[in-house]
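Below is input_35.txt, which holds compact mmCIF, C-alpha atoms.
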```
# COMPACT_ATOMS: atom_id res chain seq x y z
CA MET E 1285 103.61 170.08 133.65
CA THR E 1286 103.99 167.55 136.46
CA MET E 1287 101.83 164.47 136.59
CA ALA E 1288 100.96 162.83 139.86
CA TYR E 1289 101.40 159.13 139.25
CA GLY E 1290 99.65 158.10 142.46
CA ASP E 1291 99.46 154.35 142.14
CA GLY E 1292 101.08 154.54 138.73
CA PRO E 1293 99.74 154.68 135.20
CA LYS E 1294 97.18 151.96 135.94
CA THR E 1295 94.99 154.45 137.77
CA MET E 1296 95.61 157.46 135.63
CA PRO E 1297 92.88 158.91 133.46
CA GLU E 1298 93.28 158.16 129.78
CA ARG E 1299 93.86 161.77 128.81
CA ASP E 1300 96.75 162.09 131.25
CA LEU E 1301 98.32 158.96 129.81
CA LEU E 1302 97.96 160.37 126.29
CA VAL E 1303 99.64 163.58 127.36
CA LEU E 1304 102.53 161.60 128.86
CA VAL E 1305 102.94 159.65 125.63
CA ARG E 1306 102.74 162.76 123.44
CA ASP E 1307 105.00 165.03 125.51
CA HIS E 1308 107.39 162.58 127.16
CA GLN E 1309 107.15 159.38 125.12
CA ASP E 1310 106.55 157.73 128.48
CA PRO E 1311 106.83 153.95 127.93
CA ALA E 1312 104.80 153.01 131.00
CA ALA E 1313 101.94 155.27 129.95
CA ARG E 1314 102.11 153.88 126.43
CA GLU E 1315 102.01 150.33 127.68
CA GLU E 1316 99.06 151.08 129.94
CA LEU E 1317 97.07 152.55 127.08
CA ILE E 1318 97.78 149.54 124.92
CA THR E 1319 96.78 147.17 127.71
CA ARG E 1320 93.51 149.01 128.27
CA TYR E 1321 92.58 148.75 124.61
CA LEU E 1322 93.51 145.12 124.03
CA PRO E 1323 89.90 144.04 124.64
CA LEU E 1324 88.94 146.27 121.71
CA VAL E 1325 91.53 144.51 119.55
CA ARG E 1326 90.15 141.10 120.55
CA SER E 1327 86.61 142.20 119.84
CA LEU E 1328 87.49 143.50 116.38
CA ALA E 1329 89.64 140.49 115.55
CA ARG E 1330 86.78 138.13 116.40
CA ARG E 1331 84.75 139.64 113.53
CA PHE E 1332 87.20 138.00 111.13
CA ALA E 1333 87.55 134.72 113.00
CA SER E 1334 85.64 132.74 110.37
CA ARG E 1335 87.97 133.63 107.52
CA GLY E 1336 90.39 130.79 107.99
CA GLN E 1337 93.16 132.58 109.88
CA PRO E 1338 93.98 131.79 113.55
CA LEU E 1339 92.36 134.25 115.94
CA GLU E 1340 95.63 134.71 117.83
CA ASP E 1341 97.31 135.85 114.61
CA LEU E 1342 94.53 138.34 114.00
CA ILE E 1343 94.86 139.66 117.55
CA GLN E 1344 98.59 140.10 117.06
CA VAL E 1345 98.01 141.95 113.81
CA GLY E 1346 95.29 144.07 115.41
CA SER E 1347 97.64 144.90 118.26
CA ILE E 1348 100.06 146.38 115.77
CA GLY E 1349 97.26 148.62 114.60
CA LEU E 1350 96.55 149.62 118.20
CA ILE E 1351 100.20 150.50 118.80
CA LYS E 1352 100.21 152.67 115.69
CA ALA E 1353 97.04 154.36 116.83
CA VAL E 1354 98.47 155.13 120.26
CA ASP E 1355 101.68 156.48 118.78
CA ARG E 1356 99.97 158.62 116.16
CA PHE E 1357 96.98 159.85 118.13
CA ASP E 1358 96.52 163.62 118.08
CA LEU E 1359 95.01 164.88 121.33
CA ASP E 1360 94.09 168.19 119.78
CA ARG E 1361 91.70 166.65 117.24
CA GLY E 1362 88.95 166.39 119.83
CA VAL E 1363 88.10 162.73 119.27
CA GLU E 1364 88.40 159.80 121.59
CA LEU E 1365 91.26 157.36 121.21
CA SER E 1366 88.76 154.55 120.65
CA THR E 1367 87.28 156.46 117.71
CA TYR E 1368 90.71 156.75 116.12
CA ALA E 1369 91.98 153.32 117.09
CA THR E 1370 89.09 151.27 115.72
CA PRO E 1371 89.61 151.98 111.99
CA THR E 1372 93.37 151.75 112.46
CA ILE E 1373 93.07 148.30 113.99
CA LEU E 1374 90.58 147.19 111.34
CA GLY E 1375 92.81 148.53 108.58
CA GLU E 1376 95.75 146.52 109.86
CA ILE E 1377 93.70 143.33 109.96
CA LYS E 1378 92.28 143.90 106.49
CA ARG E 1379 95.75 144.59 105.13
CA TYR E 1380 96.87 141.28 106.68
CA PHE E 1381 94.16 139.44 104.74
CA ARG E 1382 95.02 141.29 101.60
CA ASP E 1383 98.69 140.36 101.90
CA LYS E 1384 97.76 136.76 102.61
CA GLY E 1385 95.97 136.53 99.28
CA TRP E 1386 98.85 137.51 97.05
CA ALA E 1387 100.47 134.43 95.54
CA VAL E 1388 103.59 136.32 94.47
CA LYS E 1389 105.36 139.38 95.81
CA VAL E 1390 103.61 142.38 94.32
CA PRO E 1391 104.78 145.91 95.15
CA ARG E 1392 102.56 147.61 97.68
CA ALA E 1393 101.74 150.45 95.30
CA LEU E 1394 100.39 148.01 92.75
CA GLN E 1395 98.42 146.15 95.41
CA ASP E 1396 96.87 149.41 96.55
CA LEU E 1397 96.05 150.46 93.00
CA ASN E 1398 94.48 147.06 92.40
CA VAL E 1399 92.28 147.60 95.45
CA ARG E 1400 91.25 151.03 94.19
CA LEU E 1401 90.57 149.69 90.73
CA ASN E 1402 88.29 147.06 92.19
CA ARG E 1403 86.20 149.79 93.85
CA VAL E 1404 86.34 152.26 91.00
CA THR E 1405 85.33 149.63 88.46
CA GLU E 1406 82.16 149.02 90.42
CA SER E 1407 81.28 152.68 90.84
CA LEU E 1408 82.04 153.53 87.21
CA THR E 1409 80.00 150.58 86.02
CA VAL E 1410 77.00 151.96 87.89
CA GLU E 1411 77.65 155.51 86.72
CA LEU E 1412 78.24 154.64 83.06
CA GLY E 1413 75.81 151.75 82.83
CA ARG E 1414 78.53 149.59 81.23
CA SER E 1415 81.98 148.18 81.87
CA PRO E 1416 84.55 151.03 81.95
CA THR E 1417 87.60 151.31 79.68
CA ILE E 1418 91.18 151.45 80.88
CA SER E 1419 91.31 155.17 80.13
CA GLU E 1420 88.28 155.77 82.29
CA LEU E 1421 89.79 153.76 85.12
CA ALA E 1422 93.03 155.68 84.81
CA ALA E 1423 91.22 159.01 84.98
CA ALA E 1424 89.18 157.91 87.98
CA THR E 1425 92.20 156.67 89.93
CA THR E 1426 94.59 159.43 88.73
CA ALA E 1427 96.95 156.67 87.63
CA SER E 1428 98.45 156.34 84.17
CA GLU E 1429 96.96 153.90 81.72
CA GLU E 1430 100.17 151.91 81.89
CA GLN E 1431 99.86 151.67 85.67
CA VAL E 1432 96.29 150.48 85.36
CA VAL E 1433 97.30 147.75 82.90
CA GLU E 1434 100.12 146.73 85.21
CA ALA E 1435 97.87 146.68 88.26
CA LEU E 1436 95.22 144.63 86.46
CA GLU E 1437 97.89 142.12 85.50
CA SER E 1438 99.34 142.03 88.99
CA GLY E 1439 95.85 141.30 90.27
CA ARG E 1440 96.19 137.88 88.67
CA ALA E 1441 98.57 137.08 91.50
CA TYR E 1442 95.74 137.50 93.99
CA SER E 1443 93.81 134.37 94.85
CA ALA E 1444 90.39 134.62 96.42
CA VAL E 1445 90.46 133.63 100.07
CA SER E 1446 86.88 132.54 100.21
CA ILE E 1447 83.81 133.53 98.31
CA PHE E 1448 81.81 133.44 101.51
CA SER E 1449 83.96 136.09 103.09
CA GLY E 1450 84.44 138.15 99.99
CA GLY E 1451 87.14 137.34 97.50
CA GLY E 1452 89.03 140.44 96.50
CA PRO E 1453 91.85 142.39 98.06
CA ASP E 1454 89.33 144.83 99.48
CA GLU E 1455 86.08 143.00 99.04
CA GLU E 1456 83.31 143.96 101.40
CA GLU E 1457 81.20 141.20 102.90
CA SER E 1458 79.30 139.91 99.93
CA VAL E 1459 76.03 138.09 99.65
CA SER E 1460 76.61 134.39 99.87
CA LEU E 1461 76.47 132.91 96.39
CA LEU E 1462 74.31 130.16 97.71
CA ASP E 1463 71.68 132.79 98.42
CA CYS E 1464 71.53 133.49 94.71
CA LEU E 1465 71.21 129.96 93.38
CA GLY E 1466 67.47 129.64 93.81
CA ALA E 1467 65.79 129.66 90.44
CA GLU E 1468 69.04 129.24 88.55
CA GLU E 1469 69.21 125.64 89.76
CA GLU E 1470 66.58 124.56 87.24
CA ALA E 1471 68.59 126.15 84.46
CA TYR E 1472 71.37 123.65 85.06
CA GLU E 1473 69.25 121.18 83.18
CA VAL E 1474 70.68 122.67 80.02
CA PHE E 1475 73.89 120.92 80.94
CA GLU E 1476 72.11 117.59 80.76
CA GLN E 1477 71.81 118.11 77.04
CA ARG E 1478 75.53 118.17 76.81
CA ARG E 1479 76.02 114.64 78.02
CA VAL E 1480 79.73 114.82 77.59
CA LEU E 1481 80.06 117.89 79.80
CA ALA E 1482 77.38 116.97 82.34
CA PRO E 1483 79.47 114.64 84.57
CA ALA E 1484 82.18 117.23 84.93
CA MET E 1485 79.71 120.06 85.47
CA GLU E 1486 78.01 118.09 88.25
CA ARG E 1487 81.29 117.89 90.11
CA LEU E 1488 81.68 121.64 90.20
CA ASP E 1489 80.40 123.29 93.33
CA PRO E 1490 77.14 125.24 92.95
CA ARG E 1491 78.77 128.64 92.72
CA GLU E 1492 81.13 127.50 89.97
CA ARG E 1493 78.23 126.05 87.98
CA LEU E 1494 76.31 129.27 88.44
CA ILE E 1495 79.18 131.45 87.26
CA LEU E 1496 79.80 129.33 84.16
CA HIS E 1497 76.11 129.09 83.39
CA LEU E 1498 75.51 132.82 83.60
CA ARG E 1499 78.60 133.71 81.59
CA PHE E 1500 78.70 131.01 78.92
CA PHE E 1501 75.13 129.79 78.60
CA GLU E 1502 73.13 132.88 79.46
CA GLY E 1503 75.69 135.02 77.64
CA MET E 1504 76.01 137.60 80.37
CA THR E 1505 79.08 139.79 80.50
CA GLN E 1506 81.28 139.61 83.57
CA THR E 1507 79.83 142.90 84.73
CA GLN E 1508 76.31 141.55 84.43
CA VAL E 1509 77.26 138.35 86.26
CA ALA E 1510 78.84 140.45 89.00
CA ALA E 1511 75.69 142.53 89.37
CA ARG E 1512 73.49 139.44 89.45
CA ILE E 1513 75.53 137.71 92.13
CA GLY E 1514 76.59 140.75 94.12
CA ILE E 1515 80.35 140.53 93.82
CA SER E 1516 82.89 142.57 91.90
CA GLN E 1517 83.77 142.10 88.24
CA MET E 1518 87.35 141.30 89.21
CA HIS E 1519 86.14 138.58 91.51
CA VAL E 1520 83.96 137.16 88.73
CA SER E 1521 87.05 137.12 86.51
CA ARG E 1522 88.99 135.10 89.08
CA LEU E 1523 86.12 132.70 89.70
CA ILE E 1524 85.58 132.06 85.99
CA ARG E 1525 89.19 131.04 85.60
CA LYS E 1526 89.07 128.83 88.67
CA SER E 1527 85.82 127.21 87.51
CA ILE E 1528 87.15 126.51 84.02
CA GLU E 1529 90.30 124.98 85.46
CA ASN E 1530 88.25 122.73 87.74
CA LEU E 1531 85.98 121.77 84.84
CA ARG E 1532 88.97 120.75 82.76
CA LEU E 1533 90.41 118.78 85.66
CA TYR E 1534 87.17 116.85 86.17
CA MET E 1535 86.89 116.13 82.46
CA VAL E 1536 90.40 114.79 82.31
CA GLU E 1537 89.83 112.67 85.41
CA GLY E 1538 86.62 111.32 83.98
CA SER E 1539 88.00 110.43 80.58
CA PRO E 1540 88.74 106.81 79.62
CA THR E 1541 92.43 107.64 79.48
CA GLY E 1542 92.21 109.01 83.05
CA GLY E 1543 94.32 111.99 82.26
CA ALA E 1544 97.14 110.10 80.56
CA GLY E 1545 98.85 112.23 78.02
CA GLU E 1546 97.82 115.52 79.60
CA ARG E 1547 100.23 118.08 78.32
CA GLY E 1548 102.16 120.47 80.45
CA ARG E 1549 101.18 124.10 80.37
CA VAL E 1550 103.18 126.72 78.54
CA MET J 15 81.28 135.71 60.32
CA GLN J 16 83.16 137.96 57.92
CA LEU J 17 86.31 139.15 59.63
CA ALA J 18 87.48 142.72 59.13
CA GLU J 19 90.06 143.47 56.48
CA PRO J 20 93.26 145.25 57.51
CA SER J 21 92.55 148.26 55.35
CA ASP J 22 92.25 150.66 58.22
CA MET J 23 94.71 149.13 60.62
CA SER J 24 96.09 151.18 63.47
CA ASP J 25 98.12 150.29 66.53
CA ILE J 26 99.64 147.08 65.34
CA VAL J 27 102.02 145.43 67.79
CA VAL J 28 103.84 142.17 67.08
CA LEU J 29 105.53 140.26 69.85
CA ARG J 30 107.57 137.15 69.33
CA ALA J 31 108.48 135.30 72.49
CA PRO J 32 109.75 131.88 73.54
CA ARG J 33 107.41 129.57 75.39
CA GLY J 34 107.70 129.89 79.13
CA ARG J 35 105.91 130.88 82.28
CA GLY J 36 106.54 134.54 81.76
CA THR J 37 105.25 134.68 78.20
CA LEU J 38 101.54 134.78 78.94
CA PRO J 39 101.73 137.66 81.45
CA VAL J 40 103.82 139.67 79.01
CA MET J 41 101.33 139.04 76.25
CA ARG J 42 98.48 140.14 78.49
CA VAL J 43 100.27 143.38 79.28
CA VAL J 44 100.83 144.02 75.58
CA ILE J 45 97.17 143.43 74.84
CA GLY J 46 96.21 145.65 77.76
CA GLY J 47 98.53 148.36 76.53
CA VAL J 48 96.94 148.46 73.10
CA ALA J 49 93.46 148.21 74.61
CA SER J 50 94.17 151.21 76.82
CA ARG J 51 94.50 153.36 73.69
CA HIS J 52 91.02 152.41 72.55
CA ALA J 53 87.61 152.13 74.09
CA LEU J 54 87.73 148.39 74.75
CA SER J 55 86.04 147.81 78.09
CA VAL J 56 87.59 145.92 80.98
CA ASP J 57 85.04 143.17 80.32
CA GLY J 58 86.07 142.94 76.69
CA LEU J 59 89.75 142.97 77.57
CA ASP J 60 89.34 140.18 80.08
CA ASP J 61 87.40 138.12 77.54
CA ILE J 62 90.19 138.42 74.99
CA GLU J 63 92.79 137.55 77.61
CA LEU J 64 90.83 134.50 78.74
CA ALA J 65 90.55 133.37 75.13
CA LEU J 66 94.33 133.73 74.81
CA GLU J 67 94.84 131.76 78.01
CA THR J 68 92.50 129.07 76.67
CA LEU J 69 94.70 128.62 73.62
CA PHE J 70 97.81 128.60 75.78
CA ARG J 71 96.36 125.94 78.04
CA GLU J 72 96.45 123.36 75.25
CA GLU J 73 99.99 124.07 74.12
CA PRO J 74 103.02 121.97 75.10
CA VAL J 75 105.71 123.53 77.26
CA GLU J 76 108.45 122.91 74.73
CA GLY J 77 108.29 124.11 71.17
CA ASN J 78 108.85 126.92 68.77
CA ASP J 79 108.40 130.58 69.60
CA LEU J 80 104.95 132.06 69.79
CA THR J 81 103.93 135.22 67.97
CA LEU J 82 101.33 137.62 69.25
CA THR J 83 99.89 140.23 66.91
CA VAL J 84 97.59 142.86 68.33
CA SER J 85 95.89 145.32 66.03
CA VAL J 86 92.87 147.57 65.80
CA VAL J 87 90.92 147.75 62.58
CA GLY J 88 88.16 150.30 62.72
CA GLU J 89 86.04 149.30 65.69
CA THR J 90 87.49 145.80 65.86
CA PHE J 91 90.17 144.70 68.28
CA LYS J 92 92.15 141.82 66.83
CA VAL J 93 94.51 139.41 68.55
CA ALA J 94 96.32 136.67 66.67
CA LEU J 95 98.43 134.00 68.31
CA GLY J 96 100.80 132.17 65.99
CA GLY J 97 103.25 129.32 66.34
CA LEU J 98 100.60 127.06 67.88
CA CYS J 99 100.81 123.31 67.45
CA SER J 100 97.93 121.77 69.41
CA GLN J 101 96.01 119.71 66.90
CA LEU J 102 93.09 119.48 69.33
CA VAL J 103 92.72 123.25 69.13
CA ARG J 104 93.22 123.33 65.41
CA GLN J 105 90.68 120.62 64.68
CA THR J 106 88.15 122.02 67.12
CA LEU J 107 88.29 125.60 65.95
CA SER J 108 88.34 124.65 62.30
CA GLY J 109 85.46 122.21 62.87
CA THR J 110 87.22 118.96 62.14
CA GLU J 111 87.61 117.40 65.59
CA GLY J 112 88.10 113.67 66.08
CA SER J 113 85.90 111.12 67.86
CA ASP J 114 88.02 110.40 70.94
CA PHE J 115 86.06 110.99 74.19
CA ARG J 116 88.56 113.36 75.71
CA ARG J 117 88.68 115.32 72.51
CA ASP J 118 84.89 115.63 72.41
CA ALA J 119 84.74 116.84 76.01
CA LEU J 120 87.58 119.30 75.71
CA SER J 121 86.42 120.33 72.27
CA ASP J 122 83.04 121.21 73.73
CA VAL J 123 84.65 123.36 76.38
CA LEU J 124 87.03 124.96 73.94
CA ARG J 125 84.25 125.85 71.53
CA MET J 126 82.02 127.05 74.36
CA LEU J 127 84.71 129.38 75.56
CA MET J 128 85.80 130.76 72.22
CA ASP J 129 82.23 131.25 70.96
CA SER J 130 81.40 133.25 74.08
CA LEU J 131 84.59 135.15 74.62
CA VAL J 132 85.26 136.57 71.17
CA ASP J 133 83.08 137.78 68.33
CA GLY J 134 84.89 135.76 65.72
CA TYR J 135 87.95 133.57 65.17
CA ARG J 136 89.69 131.72 62.39
CA THR J 137 92.67 129.43 62.06
CA GLU J 138 95.42 129.73 59.52
CA ASP J 139 98.27 127.42 58.62
CA GLY J 140 101.65 128.53 59.89
CA PRO J 141 104.95 128.70 58.03
CA THR J 142 106.22 125.42 59.51
CA PRO J 143 104.49 122.04 59.12
CA GLY J 144 101.94 121.46 61.87
CA SER J 145 101.98 125.02 63.13
CA PHE J 146 99.04 127.35 62.86
CA SER J 147 97.71 130.62 64.16
CA VAL J 148 94.37 131.63 65.60
CA GLU J 149 93.09 135.11 64.92
CA MET J 150 90.41 136.41 67.27
CA GLU J 151 88.44 139.60 67.18
CA LYS J 152 86.31 141.57 69.58
CA ARG J 153 84.12 144.55 68.82
CA ILE J 154 85.27 147.61 70.67
CA THR J 155 81.94 149.33 71.10
```
Rewrite the structure of this file - the entire thing - as structure tokens.
Amino acid sequence: MTMAYGDGPKTMPERDLLVLVRDHQDPAAREELITRYLPLVRSLARRFASRGQPLEDLIQVGSIGLIKAVDRFDLDRGVELSTYATPTILGEIKRYFRDKGWAVKVPRALQDLNVRLNRVTESLTVELGRSPTISELAAATTASEEQVVEALESGRAYSAVSIFSGGGPDEEESVSLLDCLGAEEEAYEVFEQRRVLAPAMERLDPRERLILHLRFFEGMTQTQVAARIGISQMHVSRLIRKSIENLRLYMVEGSPTGGAGERGRV
Amino acid sequence: MQLAEPSDMSDIVVLRAPRGRGTLPVMRVVIGGVASRHALSVDGLDDIELALETLFREEPVEGNDLTLTVSVVGETFKVALGGLCSQLVRQTLSGTEGSDFRRDALSDVLRMLMDSLVDGYRTEDGPTPGSFSVEMEKRIT
């Protein structure tokens, strides 16, 4: 099959370019396709611009997704390149955020299992009406129980990027916690009764106070707290730990000894 | 609260490990491993692990080895951490805390956490002077 370049790849129809890439690995055609779809990459990257990472970095990451899409696109599937490229670009950007959140090097397989466990925990909780067991998670993810335990532990290495943009390795956009404070604000008065704790509690940000209140004063389970706030149980687990650590820090800072004699951690 | 007697104990695992940054993660995996053989929920498992971390938080970096004992008695999941030496923890959990401000504040938090996270706990003197263990339990169902 002979292609008439005319003025070159810049004027060629998209399908002809795709054929050139598929059949001849034509670099000029490949480059033209990538150039044409860069605006799509920029548009998708801008969706994540508020998550604390430079937009240019997100565009670079998205471009990698675009390149993969162009190289892997199957003309015979009957879909448009844009239809295939969009989730590929988004997936690359989301993976970038996921990798950014891991404090230590965790094998990709464990990261992926942790992501699946996050989702499966939520769906099983709804299905069962209670927090699932490790066996149930293993069955649902077709992983071994040992792998589930390992993945849950490795999840400790993940630090939430921002509660306002979701906080888990694969967290969907969650309701802002501040939207949920509402009536719970008045319940914080219970802390006033604990005069020793009150100063430290006041220094916590509203979401941290809410989490601790629901878990330790209302006696809700993590699953119940997660349902109330609209985030995952794993995210609640991370936030509880962060909140407790901050509470301790504020108490030590506020003590007459000013933190002197604070022991090191095991 | 009356704690369960070890008359129907199954799945008992004892781990003795030196203090260090890697000890807590290993202990969590051990607890998770035993929990995976029973119907302890992910919520319950995380509660027990947070209780363990709470005890760890008060311990000095240097010191004798720590001993973790994980067992299941009937429908009760039990975790005991021995070789502890934090007198703040000991006095708080045994109800004999002092009057120092910092102790009152941290004691409040410690008690708040332990009362919420586990269904029961008790302290026991250890084999060496000053050392003690904390045994915690969580209902499986």
If we count all atoms listed in the file and set the cut-off at 9 Å, which residues sit around region 96-110 of chain J, ignoring sequence neighbours fewer than 6 positions away in its own chain? Please answer as a PDB file with C-alpha atoms, in the coordinates of the input.
```
ATOM      1  CA  LEU J  69      94.700 128.620  73.620  1.00  0.00           C
ATOM      2  CA  PHE J  70      97.810 128.600  75.780  1.00  0.00           C
ATOM      3  CA  GLU J  72      96.450 123.360  75.250  1.00  0.00           C
ATOM      4  CA  GLU J  73      99.990 124.070  74.120  1.00  0.00           C
ATOM      5  CA  PRO J  74     103.020 121.970  75.100  1.00  0.00           C
ATOM      6  CA  GLY J  77     108.290 124.110  71.170  1.00  0.00           C
ATOM      7  CA  ASN J  78     108.850 126.920  68.770  1.00  0.00           C
ATOM      8  CA  ASP J  79     108.400 130.580  69.600  1.00  0.00           C
ATOM      9  CA  LEU J  80     104.950 132.060  69.790  1.00  0.00           C
ATOM     10  CA  THR J  81     103.930 135.220  67.970  1.00  0.00           C
ATOM     11  CA  LEU J  82     101.330 137.620  69.250  1.00  0.00           C
ATOM     12  CA  THR J  83      99.890 140.230  66.910  1.00  0.00           C
ATOM     13  CA  ARG J 117      88.680 115.320  72.510  1.00  0.00           C
ATOM     14  CA  ASP J 118      84.890 115.630  72.410  1.00  0.00           C
ATOM     15  CA  LEU J 120      87.580 119.300  75.710  1.00  0.00           C
ATOM     16  CA  SER J 121      86.420 120.330  72.270  1.00  0.00           C
ATOM     17  CA  ASP J 122      83.040 121.210  73.730  1.00  0.00           C
ATOM     18  CA  LEU J 124      87.030 124.960  73.940  1.00  0.00           C
ATOM     19  CA  ARG J 125      84.250 125.850  71.530  1.00  0.00           C
ATOM     20  CA  MET J 128      85.800 130.760  72.220  1.00  0.00           C
ATOM     21  CA  TYR J 135      87.950 133.570  65.170  1.00  0.00           C
ATOM     22  CA  ARG J 136      89.690 131.720  62.390  1.00  0.00           C
ATOM     23  CA  THR J 137      92.670 129.430  62.060  1.00  0.00           C
ATOM     24  CA  GLU J 138      95.420 129.730  59.520  1.00  0.00           C
ATOM     25  CA  GLY J 140     101.650 128.530  59.890  1.00  0.00           C
ATOM     26  CA  PRO J 141     104.950 128.700  58.030  1.00  0.00           C
ATOM     27  CA  THR J 142     106.220 125.420  59.510  1.00  0.00           C
ATOM     28  CA  GLY J 144     101.940 121.460  61.870  1.00  0.00           C
ATOM     29  CA  SER J 145     101.980 125.020  63.130  1.00  0.00           C
ATOM     30  CA  PHE J 146      99.040 127.350  62.860  1.00  0.00           C
ATOM     31  CA  SER J 147      97.710 130.620  64.160  1.00  0.00           C
ATOM     32  CA  VAL J 148      94.370 131.630  65.600  1.00  0.00           C
ATOM     33  CA  GLU J 149      93.090 135.110  64.920  1.00  0.00           C
TER      34      GLU J 149
END
```
Interface residues on chain J facing chain E, 9 Å, all atoms listed in the file, written as a PDB file with C-alpha atoms, keeping the file's coordinate frame:
```pdb
ATOM      1  CA  ARG J  33     107.410 129.570  75.390  1.00  0.00           C
ATOM      2  CA  GLY J  34     107.700 129.890  79.130  1.00  0.00           C
ATOM      3  CA  ARG J  35     105.910 130.880  82.280  1.00  0.00           C
ATOM      4  CA  THR J  37     105.250 134.680  78.200  1.00  0.00           C
ATOM      5  CA  LEU J  38     101.540 134.780  78.940  1.00  0.00           C
ATOM      6  CA  PRO J  39     101.730 137.660  81.450  1.00  0.00           C
ATOM      7  CA  ARG J  42      98.480 140.140  78.490  1.00  0.00           C
ATOM      8  CA  VAL J  43     100.270 143.380  79.280  1.00  0.00           C
ATOM      9  CA  VAL J  44     100.830 144.020  75.580  1.00  0.00           C
ATOM     10  CA  GLY J  46      96.210 145.650  77.760  1.00  0.00           C
ATOM     11  CA  GLY J  47      98.530 148.360  76.530  1.00  0.00           C
ATOM     12  CA  ALA J  49      93.460 148.210  74.610  1.00  0.00           C
ATOM     13  CA  SER J  50      94.170 151.210  76.820  1.00  0.00           C
ATOM     14  CA  ARG J  51      94.500 153.360  73.690  1.00  0.00           C
ATOM     15  CA  HIS J  52      91.020 152.410  72.550  1.00  0.00           C
ATOM     16  CA  ALA J  53      87.610 152.130  74.090  1.00  0.00           C
ATOM     17  CA  LEU J  54      87.730 148.390  74.750  1.00  0.00           C
ATOM     18  CA  SER J  55      86.040 147.810  78.090  1.00  0.00           C
ATOM     19  CA  VAL J  56      87.590 145.920  80.980  1.00  0.00           C
ATOM     20  CA  ASP J  57      85.040 143.170  80.320  1.00  0.00           C
ATOM     21  CA  GLY J  58      86.070 142.940  76.690  1.00  0.00           C
ATOM     22  CA  LEU J  59      89.750 142.970  77.570  1.00  0.00           C
ATOM     23  CA  ASP J  60      89.340 140.180  80.080  1.00  0.00           C
ATOM     24  CA  ASP J  61      87.400 138.120  77.540  1.00  0.00           C
ATOM     25  CA  LEU J  64      90.830 134.500  78.740  1.00  0.00           C
ATOM     26  CA  PHE J  70      97.810 128.600  75.780  1.00  0.00           C
ATOM     27  CA  ARG J  71      96.360 125.940  78.040  1.00  0.00           C
ATOM     28  CA  GLU J  72      96.450 123.360  75.250  1.00  0.00           C
ATOM     29  CA  GLU J  73      99.990 124.070  74.120  1.00  0.00           C
ATOM     30  CA  PRO J  74     103.020 121.970  75.100  1.00  0.00           C
ATOM     31  CA  VAL J  75     105.710 123.530  77.260  1.00  0.00           C
ATOM     32  CA  GLU J  76     108.450 122.910  74.730  1.00  0.00           C
ATOM     33  CA  PHE J 115      86.060 110.990  74.190  1.00  0.00           C
ATOM     34  CA  ARG J 116      88.560 113.360  75.710  1.00  0.00           C
ATOM     35  CA  ASP J 118      84.890 115.630  72.410  1.00  0.00           C
ATOM     36  CA  ALA J 119      84.740 116.840  76.010  1.00  0.00           C
ATOM     37  CA  LEU J 120      87.580 119.300  75.710  1.00  0.00           C
ATOM     38  CA  ASP J 122      83.040 121.210  73.730  1.00  0.00           C
ATOM     39  CA  VAL J 123      84.650 123.360  76.380  1.00  0.00           C
ATOM     40  CA  MET J 126      82.020 127.050  74.360  1.00  0.00           C
ATOM     41  CA  LEU J 127      84.710 129.380  75.560  1.00  0.00           C
ATOM     42  CA  ASP J 129      82.230 131.250  70.960  1.00  0.00           C
ATOM     43  CA  SER J 130      81.400 133.250  74.080  1.00  0.00           C
ATOM     44  CA  LEU J 131      84.590 135.150  74.620  1.00  0.00           C
TER      45      LEU J 131
END
```
What's the 10 Å shell around Leu1324 (chain E), counting all atoms listed in the file, without same-chain residues fewer than 2 positions away, as a list in words?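 Counting all atoms listed in the file, the residues come to Ile1318, Thr1319, Arg1320, Tyr1321, Leu1322, Arg1326, Ser1327, Leu1328, Ala1329, Arg1330, Ile1343, Gly1346, Ser1347, Leu1350, Ser1366, Ala1369, Thr1370 and Ile1373 of chain E.
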Written file, previous selection with C-alpha atoms, as a CSV table (one decimal), in the frame of the given file:
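For reference, selection_21.csv as written:
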```
chain,number,residue,atom,x,y,z
E,1318,ILE,CA,97.8,149.5,124.9
E,1319,THR,CA,96.8,147.2,127.7
E,1320,ARG,CA,93.5,149.0,128.3
E,1321,TYR,CA,92.6,148.8,124.6
E,1322,LEU,CA,93.5,145.1,124.0
E,1326,ARG,CA,90.2,141.1,120.6
E,1327,SER,CA,86.6,142.2,119.8
E,1328,LEU,CA,87.5,143.5,116.4
E,1329,ALA,CA,89.6,140.5,115.6
E,1330,ARG,CA,86.8,138.1,116.4
E,1343,ILE,CA,94.9,139.7,117.6
E,1346,GLY,CA,95.3,144.1,115.4
E,1347,SER,CA,97.6,144.9,118.3
E,1350,LEU,CA,96.6,149.6,118.2
E,1366,SER,CA,88.8,154.6,120.6
E,1369,ALA,CA,92.0,153.3,117.1
E,1370,THR,CA,89.1,151.3,115.7
E,1373,ILE,CA,93.1,148.3,114.0
```
Could you jot down the CA of Pro1490 (chain E) to CA of Ser1527 (chain E) separation for me, Å, one decimal place?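 That distance, rounded to one decimal, is 10.4 Å.
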Between E:Leu1523, E:His1497, E:Val1325, E:Asp1341, which residue has the minimum interatomic distance to Pro1371 (chain E), considering all atoms listed in the file?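 Using all atoms listed in the file, the shortest distance to Pro1371 (chain E) belongs to E:Val1325.
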One decimal, in Å: what's the spacing between CA of Leu66 (chain J) and CA of Glu1486 (chain E)?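 For CA of Leu66 (chain J) relative to CA of Glu1486 (chain E), the distance reads 26.3 Å.
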Between E:Val1390, E:Ala1353, E:Val1404, E:Ala1511, which residue has the minimum interatomic distance to Leu1374 (chain E), considering only C-alpha atoms?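 Counting only C-alpha atoms, the residue closest to Leu1374 (chain E) is E:Ala1353.
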